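Enquirer: Just protein-v9.csv, nothing more (CSV, C-alpha atoms):
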chain,number,residue,atom,x,y,z
X,1,MET,CA,0.0,0.0,0.0
X,2,SER,CA,1.4,3.4,-0.9
X,3,LEU,CA,2.2,6.0,1.7
X,4,LEU,CA,-0.7,8.2,0.4
X,5,LYS,CA,-3.2,5.4,0.9
X,6,LYS,CA,-1.9,4.5,4.3
X,7,LEU,CA,-2.2,8.1,5.4
X,8,PHE,CA,-5.9,8.3,4.5
X,9,SER,CA,-7.1,4.8,4.9
X,10,SER,CA,-8.2,5.6,8.4
X,11,ARG,CA,-8.7,9.3,8.0
X,12,LYS,CA,-11.9,9.3,10.0
X,13,GLU,CA,-10.3,7.8,13.1
X,14,LYS,CA,-8.4,10.9,14.0
X,15,ARG,CA,-8.3,11.8,17.6
X,16,GLN,CA,-9.1,15.5,16.9
X,17,GLU,CA,-10.6,17.2,14.0
X,18,PRO,CA,-8.2,20.0,12.8
X,19,GLU,CA,-9.5,23.5,12.0
X,20,VAL,CA,-10.7,24.1,8.5
X,21,LEU,CA,-9.1,27.4,7.3
X,22,ALA,CA,-10.3,27.4,3.7
X,23,GLU,CA,-12.7,25.5,1.5
X,24,PHE,CA,-13.2,26.2,-2.2
X,25,ARG,CA,-15.0,24.3,-4.9
X,26,SER,CA,-13.4,23.7,-8.3
X,27,PRO,CA,-15.2,25.8,-11.0
X,28,SER,CA,-15.4,22.9,-13.4
X,29,CYS,CA,-14.8,19.6,-11.6
X,30,PRO,CA,-16.5,17.9,-8.6
X,31,ILE,CA,-13.5,18.6,-6.4
X,32,THR,CA,-13.2,20.6,-3.2
X,33,ALA,CA,-10.0,22.2,-2.0
X,34,ILE,CA,-9.5,22.3,1.8
X,35,VAL,CA,-6.8,23.7,4.0
X,36,GLU,CA,-6.7,22.3,7.5
X,37,GLN,CA,-4.3,22.7,10.5
X,38,ASP,CA,-4.1,21.5,14.1
X,39,GLU,CA,-1.6,22.5,16.7
X,40,ARG,CA,1.2,20.6,15.0
X,41,VAL,CA,0.9,20.7,11.2
X,42,ALA,CA,-1.0,22.3,8.2
X,43,TYR,CA,-2.1,20.4,5.1
X,44,PHE,CA,-3.6,21.2,1.7
X,45,TYR,CA,-6.2,18.7,0.3
X,46,LEU,CA,-8.2,18.1,-2.8
X,47,TRP,CA,-11.2,15.9,-2.2
X,48,GLY,CA,-13.1,14.4,-5.1
X,49,ASP,CA,-16.8,13.7,-4.8
X,50,LYS,CA,-17.8,10.2,-3.7
X,51,ASP,CA,-19.1,9.3,-7.1
X,52,THR,CA,-15.8,10.0,-8.8
X,53,ASN,CA,-12.5,8.1,-8.9
X,54,PHE,CA,-10.5,11.1,-7.9
X,55,GLY,CA,-10.1,10.2,-4.3
X,56,ILE,CA,-8.2,12.4,-1.9
X,57,LYS,CA,-5.0,14.2,-2.7
X,58,SER,CA,-2.8,16.0,-0.2
X,59,CYS,CA,0.2,18.1,0.3
X,60,TRP,CA,2.1,19.1,3.5
X,61,ILE,CA,2.2,22.9,3.9
X,62,ARG,CA,4.2,23.5,7.1
X,63,ASN,CA,5.0,22.2,10.6
X,64,LEU,CA,3.8,24.4,13.5
X,65,ALA,CA,6.1,22.8,16.0
X,66,ALA,CA,9.6,21.3,16.0
X,67,ALA,CA,10.0,18.7,13.3
X,68,PRO,CA,10.5,15.1,14.3
X,69,ALA,CA,13.7,13.3,13.3
X,70,ASN,CA,11.9,10.2,12.1
X,71,LEU,CA,8.7,9.6,10.2
X,72,GLU,CA,5.6,9.5,12.5
X,73,THR,CA,4.4,6.1,11.3
X,74,ASN,CA,2.3,5.5,14.4
X,75,LEU,CA,0.2,8.6,13.5
X,76,ILE,CA,-0.1,7.6,9.9
X,77,LYS,CA,-1.6,4.2,11.0
X,78,LYS,CA,-4.2,6.1,13.0
X,79,GLY,CA,-5.0,8.4,10.1
X,80,ILE,CA,-3.6,11.5,11.8
X,81,PRO,CA,-1.7,13.9,9.5
X,82,PRO,CA,2.0,13.6,10.3
X,83,MET,CA,4.6,16.3,10.4
X,84,LEU,CA,7.4,16.5,7.9
X,85,THR,CA,10.7,15.2,9.2
X,86,SER,CA,13.4,17.7,10.0
X,87,SER,CA,15.7,16.6,7.1
X,88,PHE,CA,13.2,17.8,4.6
X,89,CYS,CA,11.9,20.8,6.5
X,90,ARG,CA,13.1,24.3,5.6
X,91,PHE,CA,12.1,25.5,9.1
X,92,PRO,CA,12.7,22.5,11.4
X,93,THR,CA,11.8,24.5,14.5
X,94,GLY,CA,8.3,25.2,13.2
X,95,GLN,CA,6.4,28.2,11.7
X,96,PRO,CA,3.5,30.3,12.9
X,97,PRO,CA,0.0,29.0,12.2
X,98,LEU,CA,-1.7,29.9,8.9
X,99,LYS,CA,-4.4,32.6,9.0
X,100,SER,CA,-7.6,32.0,6.9
X,101,GLU,CA,-7.8,35.6,5.9
X,102,ASP,CA,-4.4,35.3,4.2
X,103,LEU,CA,-5.3,32.3,2.1
X,104,GLU,CA,-6.4,32.0,-1.5
X,105,ILE,CA,-6.9,29.0,-3.8
X,106,VAL,CA,-6.1,29.2,-7.5
X,107,TRP,CA,-7.5,26.4,-9.6
X,108,LEU,CA,-5.5,25.5,-12.7
X,109,GLU,CA,-7.4,25.9,-15.9
X,110,GLU,CA,-8.2,22.1,-16.1
X,111,GLY,CA,-10.1,22.4,-12.7
X,112,ASP,CA,-8.4,19.2,-11.3
X,113,SER,CA,-5.3,20.9,-9.8
X,114,ALA,CA,-4.9,23.8,-7.5
X,115,ALA,CA,-2.4,26.1,-5.8
X,116,LEU,CA,-2.5,27.5,-2.3
X,117,LEU,CA,-1.5,31.1,-1.9
X,118,ALA,CA,-0.7,33.0,1.4
X,119,LYS,CA,-0.6,36.7,1.1
X,120,GLU,CA,-0.5,36.2,-2.7
X,121,GLU,CA,2.6,34.0,-2.6
X,122,ILE,CA,2.3,30.4,-3.8
X,123,ILE,CA,3.1,28.1,-0.8
X,124,ALA,CA,1.8,24.7,-2.1
X,125,ILE,CA,0.6,23.1,-5.4
X,126,ILE,CA,-1.3,19.8,-5.9
X,127,PRO,CA,-1.0,18.9,-9.6
X,128,SER,CA,-3.0,16.3,-11.5
X,129,TRP,CA,-0.3,13.7,-11.0
X,130,SER,CA,-0.4,13.9,-7.2
X,131,GLY,CA,-1.0,10.4,-5.8
X,132,SER,CA,1.3,8.7,-8.5
X,133,GLY,CA,3.6,6.6,-6.5
X,134,ASP,CA,4.5,8.4,-3.3
X,135,PHE,CA,4.3,11.9,-4.8
X,136,PHE,CA,1.9,14.3,-3.0
X,137,GLY,CA,2.6,17.8,-4.3
X,138,TYR,CA,4.9,20.7,-4.0
X,139,ALA,CA,5.5,23.0,-1.0
X,140,ARG,CA,7.5,26.1,-0.7
X,141,ASP,CA,8.7,25.4,2.9
X,142,SER,CA,10.0,21.9,2.2
X,143,LYS,CA,13.5,20.8,0.9
X,144,ASP,CA,14.3,18.1,-1.7
X,145,HIS,CA,11.9,15.2,-2.1
X,146,GLY,CA,10.2,14.9,1.3
X,147,GLU,CA,7.8,12.2,2.5
X,148,PHE,CA,4.6,14.3,1.9
X,149,CYS,CA,5.8,16.9,-0.6
X,150,TRP,CA,8.5,18.0,-2.9
X,151,GLU,CA,10.3,21.3,-2.8
X,152,LEU,CA,8.6,24.0,-4.8
X,153,THR,CA,11.5,25.8,-6.5
X,154,GLU,CA,11.3,29.0,-8.6
X,155,SER,CA,12.0,27.0,-11.7
X,156,ASN,CA,8.9,24.8,-11.3
X,157,ILE,CA,6.8,25.2,-14.5
X,158,LEU,CA,3.6,25.0,-12.5
X,159,ILE,CA,4.3,28.5,-11.2
X,160,ASP,CA,3.8,30.0,-14.6
X,161,ARG,CA,0.7,27.9,-15.1
X,162,VAL,CA,-0.8,29.2,-11.8
X,163,LYS,CA,-0.2,32.8,-13.0
X,164,SER,CA,-1.7,32.0,-16.3
X,165,ALA,CA,-4.8,30.5,-14.6
X,166,GLN,CA,-5.2,33.6,-12.5
X,167,GLU,CA,-5.3,35.6,-15.7
X,168,TYR,CA,-7.7,33.1,-17.3
X,169,TRP,CA,-10.3,33.2,-14.5
X,170,ALA,CA,-10.1,37.0,-14.4
X,171,LEU,CA,-11.2,37.0,-18.1
X,172,TRP,CA,-14.6,35.5,-17.1
X,173,ASP,CA,-15.3,38.7,-15.0
X,174,SER,CA,-14.6,40.9,-18.0
X,175,GLU,CA,-16.8,42.1,-20.9
X,176,PRO,CA,-16.7,40.5,-23.3
X,177,ASN,CA,-15.9,37.2,-21.6
X,178,PRO,CA,-14.2,34.3,-23.4
X,179,PHE,CA,-17.4,32.7,-24.6
X,180,GLN,CA,-18.7,35.9,-26.0
X,181,ILE,CA,-15.5,36.2,-27.9
X,182,LYS,CA,-15.1,32.6,-29.0
X,183,GLN,CA,-18.7,31.7,-29.9
X,184,PRO,CA,-19.0,33.9,-33.0
X,185,GLU,CA,-15.5,32.8,-34.1
X,186,LEU,CA,-16.5,29.1,-33.9
X,187,LEU,CA,-19.9,29.6,-35.6
X,188,LYS,CA,-18.2,31.4,-38.5
X,189,SER,CA,-15.7,28.6,-38.9
X,190,TYR,CA,-18.5,26.0,-38.9
X,191,GLU,CA,-20.7,27.9,-41.4
X,192,GLU,CA,-17.8,28.4,-43.8
X,193,VAL,CA,-17.4,24.6,-44.1
X,194,LEU,CA,-20.9,23.2,-43.2
X,195,GLY,CA,-23.2,26.0,-44.3
X,196,LYS,CA,-25.5,28.3,-42.3
X,197,SER,CA,-27.0,26.6,-39.3
X,198,ASN,CA,-30.7,25.8,-39.1
X,199,LYS,CA,-30.8,25.8,-35.3
X,200,TYR,CA,-28.7,26.7,-32.3
X,201,TYR,CA,-29.2,25.1,-28.9
X,202,ALA,CA,-28.0,26.5,-25.6
X,203,ILE,CA,-26.8,23.4,-23.8
X,204,ASP,CA,-25.5,24.8,-20.6
X,205,GLY,CA,-28.7,24.9,-18.6
X,206,ASN,CA,-28.0,28.5,-17.7
X,207,GLU,CA,-25.0,27.3,-15.7
X,208,TRP,CA,-21.3,28.1,-16.1
X,209,PRO,CA,-19.5,27.4,-18.3
X,210,PRO,CA,-21.7,28.5,-21.2
X,211,LYS,CA,-21.8,26.3,-24.2
X,212,GLY,CA,-24.0,25.7,-27.3
X,213,LEU,CA,-24.8,23.3,-30.1
X,214,PHE,CA,-24.8,24.1,-33.8
X,215,LEU,CA,-27.2,22.2,-36.1
X,216,LYS,CA,-27.1,22.2,-39.9
X,217,THR,CA,-29.7,20.1,-41.6
X,218,GLY,CA,-29.4,19.2,-45.3
X,219,ASP,CA,-30.6,17.0,-48.1
X,220,PHE,CA,-28.0,14.3,-47.3
X,221,ASN,CA,-26.8,14.8,-43.8
X,222,ASP,CA,-27.6,16.5,-40.5
X,223,VAL,CA,-24.6,17.9,-38.7
X,224,PHE,CA,-24.2,18.8,-35.0
X,225,VAL,CA,-21.1,20.5,-33.5
X,226,THR,CA,-20.7,21.8,-30.0
X,227,VAL,CA,-19.7,25.4,-29.4
X,228,GLY,CA,-17.5,26.4,-26.5
X,229,LEU,CA,-16.2,23.1,-24.9
X,230,SER,CA,-12.7,24.1,-26.0
X,231,LEU,CA,-12.7,27.1,-23.7
X,232,LEU,CA,-11.8,24.7,-20.9
X,233,PRO,CA,-8.9,22.2,-21.2
X,234,MET,CA,-9.9,18.7,-20.2
X,235,PRO,CA,-8.6,17.4,-16.9
X,236,VAL,CA,-6.0,14.6,-16.4
X,237,VAL,CA,-4.8,14.7,-20.1
X,238,GLU,CA,-1.2,15.4,-19.0
X,239,MET,CA,-1.1,12.1,-17.2
X,240,TYR,CA,-1.7,10.3,-20.5
X,241,SER,CA,0.2,12.4,-23.0
X,242,GLU,CA,3.6,13.9,-23.3
X,243,ASN,CA,2.1,16.7,-25.4
X,244,PRO,CA,-1.2,17.5,-23.7
X,245,ASN,CA,-1.6,20.9,-25.4
X,246,GLN,CA,-2.2,19.0,-28.7
X,247,ILE,CA,-5.3,17.1,-27.5
X,248,ASN,CA,-6.7,18.8,-24.3
X,249,ARG,CA,-9.2,21.1,-26.0
X,250,ILE,CA,-12.1,19.6,-28.0
X,251,GLU,CA,-15.4,20.2,-29.6
X,252,LEU,CA,-17.8,17.3,-30.3
X,253,GLY,CA,-19.4,16.7,-33.7
X,254,LEU,CA,-22.0,14.2,-34.9
X,255,ILE,CA,-23.2,13.6,-38.5
X,256,LEU,CA,-26.2,11.5,-39.3
X,257,LYS,CA,-27.9,10.6,-42.6
X,258,SER,CA,-30.8,13.0,-43.3
X,259,GLY,CA,-34.4,12.0,-42.8
X,260,LEU,CA,-34.9,12.3,-39.0
X,261,MET,CA,-37.8,14.3,-37.6
X,262,GLN,CA,-37.2,17.5,-35.7
X,263,SER,CA,-38.3,15.8,-32.5
X,264,GLU,CA,-35.6,13.1,-33.1
X,265,LEU,CA,-33.0,15.8,-33.8
X,266,ASP,CA,-33.9,17.6,-30.6
X,267,LYS,CA,-33.5,14.3,-28.7
X,268,ILE,CA,-30.1,13.8,-30.1
X,269,GLY,CA,-29.2,17.4,-29.3
X,270,ASN,CA,-30.2,16.8,-25.7
X,271,TRP,CA,-28.0,13.6,-25.7
X,272,ILE,CA,-25.0,15.5,-27.0
X,273,SER,CA,-25.4,18.2,-24.3
X,274,GLY,CA,-25.1,15.4,-21.7
X,275,GLN,CA,-21.9,14.1,-23.2
X,276,ALA,CA,-20.4,17.5,-23.4
X,277,ASP,CA,-20.0,17.5,-19.6
X,278,ILE,CA,-18.3,14.1,-19.3
X,279,PRO,CA,-14.6,15.1,-19.0
X,280,TRP,CA,-15.2,17.6,-16.2
X,281,LYS,CA,-18.1,15.9,-14.4
X,282,ARG,CA,-16.2,12.6,-14.3
X,283,ILE,CA,-12.7,14.1,-14.1
X,284,THR,CA,-11.6,12.2,-17.3
X,285,TRP,CA,-10.8,13.1,-20.9
X,286,MET,CA,-12.0,12.3,-24.4
X,287,GLY,CA,-9.7,11.4,-27.2
X,288,ASN,CA,-9.4,9.7,-30.6
X,289,GLY,CA,-10.6,6.1,-30.4
X,290,HIS,CA,-12.6,6.5,-27.2
X,291,THR,CA,-16.2,5.2,-27.1
X,292,ILE,CA,-19.4,6.5,-25.5
X,293,THR,CA,-22.7,4.7,-25.1
X,294,PHE,CA,-25.3,5.8,-27.7
X,295,LYS,CA,-28.7,4.1,-27.5
X,296,GLU,CA,-31.0,6.8,-28.9
X,297,PHE,CA,-32.4,4.5,-31.6
X,298,LYS,CA,-34.2,1.4,-30.5
X,299,ASN,CA,-34.6,-0.1,-33.9
X,300,THR,CA,-31.0,-0.3,-35.0
X,301,LYS,CA,-27.9,-2.2,-33.9
X,302,ILE,CA,-26.2,1.1,-33.0
X,303,THR,CA,-25.3,1.2,-29.3
X,304,SER,CA,-22.3,3.4,-29.1
X,305,VAL,CA,-20.2,6.0,-30.8
X,306,ILE,CA,-16.4,6.0,-31.4
X,307,LEU,CA,-14.7,9.4,-31.2
X,308,VAL,CA,-12.6,10.0,-34.4
X,309,ARG,CA,-10.5,12.9,-35.2
X,310,ASP,CA,-10.2,12.2,-38.9
X,311,LEU,CA,-11.9,10.2,-41.7
X,312,ASN,CA,-11.8,10.9,-45.4
X,313,VAL,CA,-15.5,11.5,-45.5
X,314,LEU,CA,-15.6,14.0,-42.5
X,315,PRO,CA,-15.6,17.8,-42.9
X,316,LYS,CA,-12.3,19.5,-42.5
X,317,LEU,CA,-12.9,21.9,-39.7
X,318,GLU,CA,-9.7,23.8,-38.9
X,319,LEU,CA,-10.1,25.7,-35.7
X,320,ASN,CA,-7.8,28.3,-34.2
X,321,ASP,CA,-5.6,27.4,-31.3
X,322,TYR,CA,-6.8,28.7,-27.9
X,323,ARG,CA,-4.4,29.7,-25.1
X,324,GLY,CA,-1.5,27.7,-26.5
X,325,SER,CA,-3.5,24.5,-27.2
X,326,SER,CA,-4.9,23.0,-30.4
X,327,VAL,CA,-8.6,22.8,-30.7
X,328,ASN,CA,-9.7,19.4,-32.1
X,329,VAL,CA,-13.2,18.3,-33.3
X,330,LEU,CA,-13.9,14.8,-32.2
X,331,TRP,CA,-16.6,13.3,-34.5
X,332,MET,CA,-18.9,10.8,-32.9
X,333,ILE,CA,-19.3,7.9,-35.3
X,334,PRO,CA,-22.2,5.5,-34.6
X,335,ILE,CA,-21.0,1.8,-34.0
X,336,THR,CA,-22.6,-1.4,-32.9
X,337,GLU,CA,-22.0,-3.4,-29.7
X,338,ASN,CA,-19.8,-5.9,-31.5
X,339,GLU,CA,-17.8,-3.2,-33.1
X,340,ARG,CA,-17.3,-1.5,-29.7
X,341,ASN,CA,-16.2,-4.9,-28.2
X,342,HIS,CA,-13.7,-5.2,-31.0
X,343,VAL,CA,-12.2,-1.8,-30.0
X,344,ILE,CA,-12.0,-2.9,-26.4
X,345,GLU,CA,-10.1,-6.1,-27.4
X,346,ASN,CA,-8.0,-4.8,-30.3
X,347,GLY,CA,-7.7,-1.1,-30.0
X,348,SER,CA,-9.4,1.5,-32.1
X,349,GLU,CA,-7.2,1.6,-35.2
X,350,PRO,CA,-8.6,-1.5,-37.0
X,351,LEU,CA,-12.2,-0.3,-36.7
X,352,ILE,CA,-11.3,3.3,-37.7
X,353,GLU,CA,-9.6,1.9,-40.8
X,354,LYS,CA,-12.7,-0.1,-41.7
X,355,LEU,CA,-15.0,2.9,-41.1
X,356,ASN,CA,-12.8,4.9,-43.4
X,357,ASN,CA,-13.3,2.4,-46.1
X,358,ILE,CA,-17.1,2.5,-46.1
X,359,GLY,CA,-17.3,6.2,-46.8
X,360,SER,CA,-20.6,8.1,-46.1
X,361,GLU,CA,-22.2,4.9,-44.8
X,362,VAL,CA,-20.7,5.8,-41.4
X,363,PHE,CA,-23.5,8.4,-41.1
X,364,ASN,CA,-26.2,5.7,-41.7
X,365,ILE,CA,-27.5,4.3,-38.4
X,366,TYR,CA,-29.0,1.4,-40.4
X,367,ARG,CA,-25.8,0.4,-42.1
X,368,PRO,CA,-24.7,-3.2,-42.0
X,369,GLU,CA,-22.4,-4.2,-39.2
X,370,ILE,CA,-18.8,-4.3,-40.2
X,371,ILE,CA,-17.6,-7.9,-40.1
X,372,PHE,CA,-14.2,-8.6,-38.6
X,373,ASN,CA,-12.2,-11.6,-39.9
Re-express the file's structure as structure tokens.

Expert:
Amino acid sequence: MSLLKKLFSSRKEKRQEPEVLAEFRSPSCPITAIVEQDERVAYFYLWGDKDTNFGIKSCWIRNLAAAPANLETNLIKKGIPPMLTSSFCRFPTGQPPLKSEDLEIVWLEEGDSAALLAKEEIIAIIPSWSGSGDFFGYARDSKDHGEFCWELTESNILIDRVKSAQEYWALWDSEPNPFQIKQPELLKSYEEVLGKSNKYYAIDGNEWPPKGLFLKTGDFNDVFVTVGLSLLPMPVVEMYSENPNQINRIELGLILKSGLMQSELDKIGNWISGQADIPWKRITWMGNGHTITFKEFKNTKITSVILVRDLNVLPKLELNDYRGSSVNVLWMIPITENERNHVIENGSEPLIEKLNNIGSEVFNIYRPEIIFN
């Protein structure tokens, strides 16, 4: 069992509840940032909601009393937050208690990582990769690679990301805000390639962040594309990619063969709006080759969609980069249960290749199932 799991496996059995100095909710993910301290030590936590797989992430902030020479394993077993040992502590004799009025939380733009500031100075950061192995986070007042944090040096790239996040969140309090700027730009890009829209849906339920859905109906195909998802980078992407800025901003598209009634189109639009929240609501990400359940049509074999960045038959929507990241349209291609199972067992590339070979039939929900040899 990792040190992180040991520390929190019996968290509820603490002898004394520490004082909560600050508590802030992520603007985009079901995560709460908490700062706690008792008479001995202060910690910074990120708590994921119970229905997520995020769990609890933590980072030591400072000792308030003289640091022990050895790891307090007896306290860890009881679920009591331990002090940092003296060899990793910049102030081994202890520091003054934190004051709640001095504290501020800055969420990184992905919404799954956060920095703690005291009097506008960064004193701790919990990045998305906290909890990997025995890594917890970064703390200003630690030295080297301590048991519950690593030293936060001036060269840490996260410092610039925190400053960038502060600028980003401030944009939402300005006029025009990012959505008011980006929405007409996206709609113009869509209409240049797809034609003028027949309908626009607001799919944010009057809640932040704002987002919409473009619909263009035609003689051959009906095309949906989301508007505004790309304003927020998806969480946890940097744990799966060495180049997260190439894949962390998306819009979702869906093309179906024409002939559906408006009531059916509205139903599909409502379904797409539900999928648009997945990365942030579930603290995950969407990428090329991923699949999503799609059971909106009872009289077909279609049960899922596969997300595809490029097929020969798909429109070429080239969208401008946003805040240093590429903006990719992931097209939701309808597939059957057998085809989805093939993706699970063999990866997405074989199926995507076969979908590429059938051309515009990928938009037909009544197409024959692709046979795998």

Enquirer: Between CA of Ser100 (chain X) and CA of Leu71 (chain X), what is the distance, to one decimal in Å?

Expert: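 CA of Leu71 (chain X) lies 27.9 Å from CA of Ser100 (chain X).
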
Enquirer: Can you pull out every residue within 10 Å of Gly195 (chain X), counting only C-alpha atoms, but drop anything in the same chain fewer than 2 positions away, and send it as a list in words?

Expert: Leu187, Lys188, Ser189, Tyr190, Glu191, Glu192, Val193, Ser197, Asn198, Leu215, Lys216, Thr217, Gly218 and Val223 of chain X

Enquirer: For Glu349 (chain X), which of X:Arg309, X:Lys301, X:Lys163, X:Arg25 is the closest residue, counting all atoms listed in the file?

Expert: X:Arg309

Enquirer: Measuring atom to atom with all atoms listed in the file, identify which of X:Asp112, X:Lys211, X:Gly259, X:Gly253 is nearest to Glu238 (chain X).

Expert: X:Asp112

Enquirer: Go ahead and compute the interatomic distance for CA of Trp47 (chain X) and CA of Ala33 (chain X), in Å to one decimal.

Expert: 6.4 Å
